[in-house]
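**Student:** What follows is the file structure_23.cif, containing mmCIF, C-alpha atoms:
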```cif
data_entry
#
loop_
_atom_site.label_atom_id
_atom_site.label_comp_id
_atom_site.auth_asym_id
_atom_site.auth_seq_id
_atom_site.Cartn_x
_atom_site.Cartn_y
_atom_site.Cartn_z
CA MET A 1 25.70 9.92 108.48
CA SER A 2 24.32 7.32 106.06
CA GLU A 3 20.89 5.82 106.68
CA THR A 4 22.37 2.33 106.32
CA THR A 5 24.92 2.92 109.08
CA ARG A 6 22.31 3.89 111.64
CA GLU A 7 20.66 1.50 114.08
CA LEU A 8 17.11 0.89 115.26
CA VAL A 9 17.00 -0.14 118.92
CA ILE A 10 13.75 -1.67 120.20
CA VAL A 11 13.22 -1.85 123.96
CA GLY A 12 10.48 -4.25 125.05
CA VAL A 13 10.68 -7.48 123.06
CA ASP A 14 8.22 -9.11 125.46
CA SER A 15 5.50 -6.54 124.80
CA ALA A 16 2.22 -6.80 122.89
CA ALA A 17 3.26 -4.42 120.12
CA PHE A 18 6.65 -6.01 119.39
CA ALA A 19 5.54 -8.81 117.04
CA PRO A 20 3.47 -6.57 114.73
CA LEU A 21 6.23 -3.94 114.72
CA LEU A 22 8.86 -6.50 113.69
CA GLU A 23 6.47 -7.84 111.05
CA ILE A 24 5.95 -4.39 109.51
CA LEU A 25 9.66 -3.56 109.54
CA GLY A 26 10.28 -6.79 107.62
CA GLU A 27 7.39 -6.40 105.18
CA ARG A 28 8.39 -2.84 104.27
CA GLU A 29 12.14 -3.59 104.31
CA MET A 30 12.67 -0.43 106.34
CA ILE A 31 15.91 -1.68 107.89
CA SER A 32 18.37 -4.54 107.51
CA ALA A 33 19.05 -7.21 110.11
CA GLU A 34 22.44 -5.61 110.75
CA GLN A 35 20.73 -2.37 111.79
CA LEU A 36 18.36 -3.96 114.34
CA ILE A 37 19.17 -4.16 118.06
CA LEU A 38 16.75 -5.79 120.52
CA LEU A 39 16.76 -5.04 124.24
CA GLU A 40 14.77 -6.32 127.21
CA THR A 41 14.92 -5.76 130.95
CA GLU A 42 17.00 -8.22 132.97
CA GLU A 43 14.09 -9.84 134.81
CA ARG A 44 12.54 -11.04 131.54
CA GLU A 45 14.01 -14.03 129.70
CA VAL A 46 13.33 -13.67 125.98
CA ASP A 47 14.47 -15.98 123.18
CA PRO A 48 16.40 -14.62 120.18
CA GLN A 49 14.17 -13.27 117.42
CA VAL A 50 14.22 -13.95 113.68
CA PHE A 51 14.26 -10.94 111.35
CA ALA A 52 15.08 -10.91 107.63
CA ASN A 53 16.21 -14.55 107.89
CA ARG A 54 18.71 -13.65 110.59
CA THR A 55 18.65 -14.56 114.27
CA ILE A 56 18.85 -11.41 116.42
CA PRO A 57 19.92 -11.88 120.06
CA VAL A 58 18.04 -10.02 122.79
CA GLN A 59 20.50 -7.99 124.85
CA SER A 60 20.23 -6.71 128.41
CA LEU A 61 18.87 -3.17 128.64
CA GLY A 62 20.90 -2.36 131.75
CA LYS A 63 24.22 -3.12 130.07
CA PHE A 64 23.60 -1.40 126.74
CA VAL A 65 25.37 1.82 125.71
CA PHE A 66 23.41 4.21 123.50
CA ASN A 67 24.88 6.57 120.87
CA ASP A 68 23.85 9.31 118.45
CA ALA A 69 23.55 6.96 115.46
CA GLN A 70 20.51 5.25 116.96
CA VAL A 71 16.75 5.59 116.99
CA VAL A 72 15.43 4.00 120.18
CA VAL A 73 11.82 2.75 120.28
CA LEU A 74 10.37 2.20 123.76
CA LEU A 75 7.56 -0.37 123.85
CA ARG A 76 7.72 -0.91 127.61
CA SER A 77 7.51 1.40 130.63
CA GLY A 78 9.09 1.10 134.07
CA ASP A 79 11.85 2.73 136.09
CA ASP A 80 14.66 0.90 134.29
CA VAL A 81 13.26 1.89 130.89
CA ALA A 82 12.89 5.52 132.03
CA THR A 83 16.54 5.45 133.13
CA ALA A 84 17.54 4.05 129.76
CA MET A 85 15.51 6.72 127.96
CA ALA A 86 17.40 9.44 129.82
CA ALA A 87 20.74 7.81 128.94
CA ALA A 88 19.75 7.50 125.27
CA GLU A 89 18.76 11.15 125.06
CA GLN A 90 21.90 12.27 126.87
CA ASN A 91 24.04 10.31 124.40
CA GLY A 92 22.34 11.93 121.40
CA ALA A 93 20.02 9.14 120.25
CA TRP A 94 16.51 9.79 119.02
CA VAL A 95 13.92 8.34 121.41
CA LEU A 96 10.42 7.29 120.30
CA ASP A 97 8.22 6.72 123.33
CA ALA A 98 5.39 4.29 122.57
CA ALA A 99 4.91 3.36 126.23
CA ALA A 100 3.63 6.68 127.67
CA ILE A 101 6.78 7.26 129.74
CA THR A 102 6.70 10.95 128.76
CA ARG A 103 2.97 11.32 129.46
CA GLY A 104 2.34 14.87 130.72
CA ASP A 105 5.72 16.14 129.50
CA GLU A 106 4.91 18.85 126.97
CA SER A 107 8.57 19.12 125.92
CA ALA A 108 8.27 15.72 124.23
CA ALA A 109 6.60 16.31 120.86
CA LEU A 110 3.49 14.23 120.17
CA ILE A 111 3.88 13.00 116.59
CA HIS A 112 1.43 11.15 114.37
CA PRO A 113 3.07 10.08 111.08
CA VAL A 114 0.09 11.09 108.95
CA LEU A 115 -1.01 14.25 110.78
CA ASN A 116 2.07 16.21 111.88
CA SER A 117 5.34 14.45 111.02
CA ALA A 118 6.71 17.70 109.49
CA GLU A 119 7.19 18.94 113.07
CA LEU A 120 10.15 16.57 113.42
CA ALA A 121 12.29 19.12 111.59
CA ASN A 122 11.92 21.76 114.31
CA LEU A 123 12.14 19.86 117.60
CA GLU A 124 14.25 21.12 120.49
CA ARG A 125 14.57 17.62 122.02
CA ARG A 126 15.29 14.31 120.36
CA VAL A 127 12.36 12.76 122.22
CA VAL A 128 9.12 11.96 120.39
CA ALA A 129 5.94 10.63 121.99
CA LEU A 130 3.54 8.37 120.12
CA PRO A 131 -0.19 9.11 120.64
CA SER A 132 -2.19 6.47 122.50
CA ALA A 133 -3.76 3.96 120.12
CA GLY A 134 -7.24 5.36 120.73
CA ALA A 135 -6.14 8.95 120.15
CA ALA A 136 -4.28 7.99 116.98
CA MET A 137 -7.39 6.37 115.51
CA VAL A 138 -9.85 9.08 116.56
CA ALA A 139 -7.57 11.92 115.39
CA GLU A 140 -7.21 10.30 111.96
CA ALA A 141 -10.99 9.94 111.75
CA LEU A 142 -11.66 13.55 112.72
CA VAL A 143 -8.90 15.53 111.00
CA PRO A 144 -10.85 15.84 107.71
CA LEU A 145 -13.62 17.55 109.74
CA LYS A 146 -11.31 19.59 111.99
CA ASP A 147 -12.21 23.10 110.77
CA GLY A 148 -15.90 22.69 111.55
CA LEU A 149 -15.66 20.91 114.92
CA GLN A 150 -16.97 22.35 118.17
CA SER A 151 -16.91 19.35 120.53
CA VAL A 152 -16.42 15.58 120.45
CA TYR A 153 -17.48 12.84 122.84
CA VAL A 154 -15.52 9.60 122.48
CA GLN A 155 -16.81 6.26 123.73
CA LEU A 156 -13.84 3.96 123.17
CA ASN A 157 -14.24 0.20 123.49
CA GLN A 158 -10.67 -1.02 123.89
CA PRO A 159 -9.53 -4.64 123.54
CA VAL A 160 -7.61 -6.55 126.17
CA SER A 161 -4.39 -6.09 124.17
CA ALA A 162 -4.54 -2.39 125.10
CA LEU A 163 -3.71 -3.51 128.66
CA GLY A 164 -0.52 -5.32 127.61
CA LYS A 165 0.75 -8.82 126.92
CA ALA A 166 0.11 -10.04 130.48
CA ALA A 167 -3.58 -9.23 130.08
CA ILE A 168 -3.71 -11.09 126.74
CA ASP A 169 -2.17 -14.17 128.37
CA SER A 170 -4.52 -13.87 131.34
CA MET A 171 -7.67 -13.72 129.18
CA ALA A 172 -6.45 -16.63 127.04
CA ALA A 173 -5.99 -18.77 130.18
CA GLN A 174 -9.39 -17.70 131.55
CA THR A 175 -11.08 -18.52 128.24
CA ALA A 176 -9.51 -21.99 128.16
CA CYS A 177 -10.66 -22.65 131.74
CA MET A 178 -14.23 -21.60 131.03
CA PHE A 179 -14.46 -23.67 127.84
CA SER A 180 -13.33 -26.71 129.82
CA GLY A 181 -15.99 -26.13 132.49
CA GLN A 182 -13.62 -24.77 135.15
CA ASP A 183 -13.86 -21.52 137.08
CA ALA A 184 -11.64 -18.78 135.71
CA GLU A 185 -9.44 -16.87 138.13
CA ILE A 186 -9.90 -13.12 138.45
CA ASP A 187 -7.03 -11.17 136.94
CA PRO A 188 -5.14 -9.79 139.97
CA ALA A 189 -3.90 -6.69 138.15
CA ILE A 190 -7.37 -5.74 136.88
CA GLY A 191 -9.53 -7.01 139.75
CA HIS A 192 -12.04 -8.58 137.37
CA ARG A 193 -12.34 -11.53 135.04
CA LEU A 194 -11.41 -10.50 131.50
CA ALA A 195 -12.84 -13.42 129.52
CA PHE A 196 -16.51 -13.08 128.46
CA ASN A 197 -16.79 -9.76 130.26
CA GLN A 198 -17.05 -6.05 129.58
CA LEU A 199 -15.52 -3.61 132.05
CA SER A 200 -16.75 -0.07 132.63
CA THR A 201 -13.11 0.64 133.48
CA SER A 202 -9.97 -1.44 133.85
CA GLU A 203 -8.25 1.04 136.17
CA ALA A 204 -9.10 2.99 139.30
CA PRO A 205 -10.94 6.27 138.66
CA LEU A 206 -9.38 9.55 139.72
CA SER A 207 -11.14 12.12 141.92
CA SER A 208 -12.86 13.56 138.83
CA GLY A 209 -14.36 10.15 138.02
CA HIS A 210 -12.27 9.88 134.84
CA THR A 211 -9.40 7.42 134.55
CA LEU A 212 -5.83 8.34 133.68
CA SER A 213 -6.25 6.63 130.30
CA GLU A 214 -9.34 8.72 129.53
CA LEU A 215 -7.55 11.95 130.43
CA THR A 216 -4.56 10.85 128.33
CA LEU A 217 -6.87 10.23 125.37
CA ILE A 218 -8.40 13.69 125.76
CA HIS A 219 -5.00 15.36 126.16
CA ASP A 220 -3.56 13.63 123.09
CA LEU A 221 -6.56 14.63 120.97
CA ARG A 222 -6.20 18.26 122.04
CA ARG A 223 -2.53 18.24 121.11
CA LEU A 224 -3.24 16.68 117.71
CA LEU A 225 -6.42 18.55 116.76
CA GLY A 226 -6.09 21.83 118.68
CA GLU A 227 -7.42 23.44 121.82
CA ALA A 228 -10.37 24.99 119.96
CA VAL A 229 -12.19 21.62 120.03
CA ALA A 230 -13.68 20.41 123.34
CA PHE A 231 -13.31 16.72 124.14
CA ASP A 232 -14.68 14.23 126.65
CA ALA A 233 -14.14 10.49 126.71
CA SER A 234 -15.04 7.18 128.30
CA ILE A 235 -13.00 3.99 127.85
CA THR A 236 -14.43 0.54 128.43
CA THR A 237 -12.61 -2.77 128.05
CA VAL A 238 -14.29 -5.54 126.06
CA ALA A 239 -13.41 -9.24 125.91
CA VAL A 240 -11.73 -9.29 122.51
CA PHE A 241 -7.98 -9.67 122.02
CA HIS A 242 -7.38 -7.13 119.26
CA GLY A 243 -9.22 -4.28 117.53
CA GLN A 244 -10.67 -1.08 118.98
CA LEU A 245 -14.04 0.54 118.28
CA ALA A 246 -15.03 4.12 119.10
CA ASN A 247 -18.51 5.60 118.93
CA LEU A 248 -18.11 9.34 118.35
CA GLY A 249 -20.61 12.12 119.01
CA VAL A 250 -19.34 15.06 116.94
CA VAL A 251 -20.90 18.51 117.34
CA PHE A 252 -20.24 21.03 114.57
CA LYS A 253 -20.20 24.82 114.77
CA GLU A 254 -22.94 24.98 112.14
CA ASP A 255 -25.68 22.73 110.78
CA ILE A 256 -24.18 19.72 109.05
CA ASP A 257 -24.45 18.52 105.48
CA LEU A 258 -24.25 14.75 105.84
CA GLU A 259 -23.19 14.14 102.24
CA LYS A 260 -20.41 16.74 102.50
CA VAL A 261 -19.16 15.10 105.68
CA ARG A 262 -19.27 11.71 104.00
CA ALA A 263 -17.20 13.06 101.09
CA LEU A 264 -14.60 14.59 103.41
CA LEU A 265 -14.21 11.35 105.34
CA GLY A 266 -14.08 9.32 102.13
CA ASN A 267 -11.05 11.35 101.01
CA GLY A 268 -9.27 11.18 104.39
CA ALA A 269 -5.84 9.58 104.65
CA ARG A 270 -5.94 5.93 105.80
CA LEU A 271 -9.76 6.07 106.13
CA GLN A 272 -12.26 3.72 104.51
CA LEU A 273 -16.02 4.20 104.59
CA VAL A 274 -18.09 1.06 105.22
CA GLU A 275 -21.70 0.56 106.22
CA GLN A 276 -21.13 -1.49 109.39
CA PRO A 277 -17.51 -1.38 110.60
CA SER A 278 -16.38 -4.17 112.90
CA THR A 279 -13.17 -5.12 114.67
CA GLU A 280 -13.15 -8.43 112.78
CA ASN A 281 -12.73 -6.51 109.52
CA ALA A 282 -10.24 -4.04 110.99
CA VAL A 283 -7.72 -6.45 112.53
CA GLY A 284 -4.79 -6.91 110.17
CA SER A 285 -5.74 -3.80 108.18
CA GLU A 286 -3.76 -0.57 107.91
CA VAL A 287 -6.80 1.72 107.60
CA THR A 288 -9.42 3.06 110.00
CA LEU A 289 -12.92 1.93 109.08
CA ILE A 290 -15.59 4.63 109.36
CA GLY A 291 -19.30 3.96 109.29
CA ARG A 292 -22.80 4.36 110.76
CA LEU A 293 -22.87 8.07 109.92
CA ARG A 294 -26.12 9.60 111.10
CA GLN A 295 -27.48 12.88 112.38
CA SER A 296 -28.26 12.93 116.08
CA LEU A 297 -31.92 12.97 117.12
CA LEU A 298 -31.00 15.38 119.95
CA ASP A 299 -29.05 18.07 118.11
CA LYS A 300 -29.16 18.86 114.39
CA ARG A 301 -25.52 19.99 114.57
CA GLN A 302 -24.36 16.62 115.94
CA LEU A 303 -23.15 13.72 113.84
CA ASN A 304 -22.79 10.24 115.31
CA LEU A 305 -20.37 7.80 113.71
CA CYS A 306 -18.24 4.75 114.42
CA ALA A 307 -14.47 4.33 113.92
CA VAL A 308 -12.69 0.95 114.09
CA SER A 309 -9.03 -0.02 113.71
CA ASP A 310 -6.34 -2.54 114.62
CA ASN A 311 -5.01 -0.99 117.82
CA LEU A 312 -1.68 -2.85 117.81
CA ARG A 313 -0.72 -3.24 114.15
CA LYS A 314 -1.99 0.06 112.77
CA ASP A 315 -2.11 2.53 115.66
CA VAL A 316 1.04 1.45 117.52
CA ALA A 317 3.27 -0.70 115.31
CA MET A 318 2.64 1.02 111.97
CA ASN A 319 2.89 4.50 113.46
CA CYS A 320 6.08 3.50 115.30
CA ALA A 321 7.62 2.06 112.14
CA GLN A 322 6.80 5.09 110.00
CA ILE A 323 8.15 7.62 112.51
CA ALA A 324 11.28 5.55 113.18
CA HIS A 325 11.89 5.27 109.43
CA LEU A 326 11.60 9.05 109.03
CA LEU A 327 14.08 9.59 111.85
CA LEU A 328 16.56 7.06 110.43
CA LYS A 329 16.29 8.48 106.93
CA SER A 330 16.15 12.23 107.45
CA TYR A 331 17.14 13.26 110.97
#
```
Represent the structure contained in this file as structure tokens.

**Tutor:**
Amino acid sequence: MSETTRELVIVGVDSAAFAPLLEILGEREMISAEQLILLETEEREVDPQVFANRTIPVQSLGKFVFNDAQVVVLLRSGDDVATAMAAAEQNGAWVLDAAAITRGDESAALIHPVLNSAELANLERRVVALPSAGAAMVAEALVPLKDGLQSVYVQLNQPVSALGKAAIDSMAAQTACMFSGQDAEIDPAIGHRLAFNQLSTSEAPLSSGHTLSELTLIHDLRRLLGEAVAFDASITTVAVFHGQLANLGVVFKEDIDLEKVRALLGNGARLQLVEQPSTENAVGSEVTLIGRLRQSLLDKRQLNLCAVSDNLRKDVAMNCAQIAHLLLKSY
């Protein structure tokens, strides 16, 4: 089957990651307009989209028939999307889950395009899971140091866009209200105001005290970097729209050589060393910024550092586009 005769099906046009994904597909000329199919659930009314100077209609997910010439990217979760995923797999399509529908399902391979894309050649199922944006960034930052790692603590400051498009719209409305001197309404889904706020958590903790997102981050990192490394994580939500920042406490098996670590990170794929990384500099970029490397004052085997990236463009949209392109081209 020719690459040009295959189709890329995107489910979730009204999702936060859709616009940057479409932008990357166009910039890289990964597919033609004739190969692109856009789907959305029936309760959402979405206008046609422009791609490669062509207007692409948005079709109803419930009425669409999948086939084995397609790669299906899921940007939205929900029962109807899960049903569609099952139908796509049954009909022989490749499915790329970027919405955590397969979370906890070990039979769905967790693929990062830079770290383990070679595993696509040996999969038993045609279902691929995308790592969470935080896990994708942290794994990229740590893989050059993987052989010497003992444990890692991740403090991830996630932006509001990590909570979805509805949260972005909610914070924008709250911000406008507050700038005009009005009281901002509390976001009903979160239970807190998002604008000009920082949340210790944006979801209800489990019995362990962790949230599901924190456990997902830990689980994804173990699958990408191996069970030999111990992980713990906290995720807070900060009042910025885009760009994630993680402070990492990395404990090595042996005493560390800071200059050696700096050299390893400097040669890492899609990594860039800077003195003071910030989300402002990361948004729109396709690299993870690494900085503030310093030895811990508590443990001479611990290195503290900061990693920053564009959570939507780089760690969801770019990773989606690269994996989908591999599937269209070679599988």

**Student:** Can you measure atom CA of A:Gly104 to atom CA of A:Leu305 for me? One decimal in Å is fine.

**Tutor:**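 Going from atom CA of A:Gly104 over to atom CA of A:Leu305 covers 29.2 Å.
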
**Student:** Just checking: using all atoms listed in the file, which residue out of A:Pro159, A:Gly181, A:Gly291, A:Gly284 ends up closest to A:Ala239?

**Tutor:**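 For A:Ala239, the nearest of the given residues is A:Pro159.
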
**Student:** Selected by the PyMOL selection byres ((chain A and resi 252-264) around 12) in the shown coordinates: which residues, as a PyMOL selection string?

**Tutor:** chain A and resi 141-153+228-230+249-251+265-269+271-275+290-296+299-305

**Student:** Taking the file as shown, what set of residues would the PyMOL selection byres ((chain A and resi 245) around 9) give back, as a PyMOL selection string?

**Tutor:** chain A and resi 134+155-159+243-244+246-247+277-279+306-309

**Student:** Using the chain letters and numbering of this document, enumerate as a list in words the residues selected by the PyMOL selection byres ((chain A and resi 68) around 9).

**Tutor:** Arg6, Phe66, Asn67, Ala69, Gln70, Val71, Ala88, Glu89, Asn91, Gly92, Ala93 and Trp94 of chain A

**Student:** Restricted to C-alpha atoms, what would the selected residues look like written as a short mmCIF file (atom, residue, chain, number, x, y, z; two decimals), in the frame of the given file?

**Tutor:**
```cif
data_model
loop_
_atom_site.label_atom_id
_atom_site.label_comp_id
_atom_site.auth_asym_id
_atom_site.auth_seq_id
_atom_site.Cartn_x
_atom_site.Cartn_y
_atom_site.Cartn_z
CA ARG A 6 22.31 3.89 111.64
CA PHE A 66 23.41 4.21 123.50
CA ASN A 67 24.88 6.57 120.87
CA ALA A 69 23.55 6.96 115.46
CA GLN A 70 20.51 5.25 116.96
CA VAL A 71 16.75 5.59 116.99
CA ALA A 88 19.75 7.50 125.27
CA GLU A 89 18.76 11.15 125.06
CA ASN A 91 24.04 10.31 124.40
CA GLY A 92 22.34 11.93 121.40
CA ALA A 93 20.02 9.14 120.25
CA TRP A 94 16.51 9.79 119.02
#
```

**Student:** With distances taken over only C-alpha atoms, which of A:Val58, A:Val9, A:Ala109, A:Ala166 is nearest to A:Ile190?

**Tutor:**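 Closest candidate: A:Ala166.
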
**Student:** Report the distance between atom CA of A:Phe51 and atom CA of A:Ile323 in Å, rounded to one decimal place.

**Tutor:**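 Interatomic distance, atom CA of A:Phe51 to atom CA of A:Ile323: 19.6 Å.
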
**Student:** Neighbours of A:Ala321 within 9 Å (all atoms listed in the file; same-chain residues fewer than 4 positions away dropped), as a PyMOL selection string?

**Tutor:** chain A and resi 21-22+24-25+30+316-317+325-326

**Student:** Nearest to A:Phe64: which of A:Thr41, A:Gln49, A:Thr175, A:Gln322 is it, counting only C-alpha atoms?

**Tutor:**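 The answer is A:Thr41, which sits nearest to A:Phe64.
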
**Student:** In Å, with one decimal, what is the gap from atom CA of A:Ala204 to atom CA of A:Gly78?

**Tutor:** 19.0 Å

**Student:** Quick one: residues within 12 Å of A:Met318, only C-alpha atoms counted, chain neighbours fewer than 2 positions away excluded, as a ChimeraX atom specification?

**Tutor:** /A:17-28,30,98,112-114,130,133,136-137,270,284-287,309-316,320-325

**Student:** Hey, could you pull the box centre and edge lengths for stretch 152-162 of chain A, axis-aligned, 3 Å padding per side, all listed atoms, to one decimal in Å, as AutoDock Vina command-line options?

**Tutor:**
```
--center_x -10.9 --center_y 4.5 --center_z 123.3 --size_x 19.1 --size_y 28.1 --size_z 11.7
```
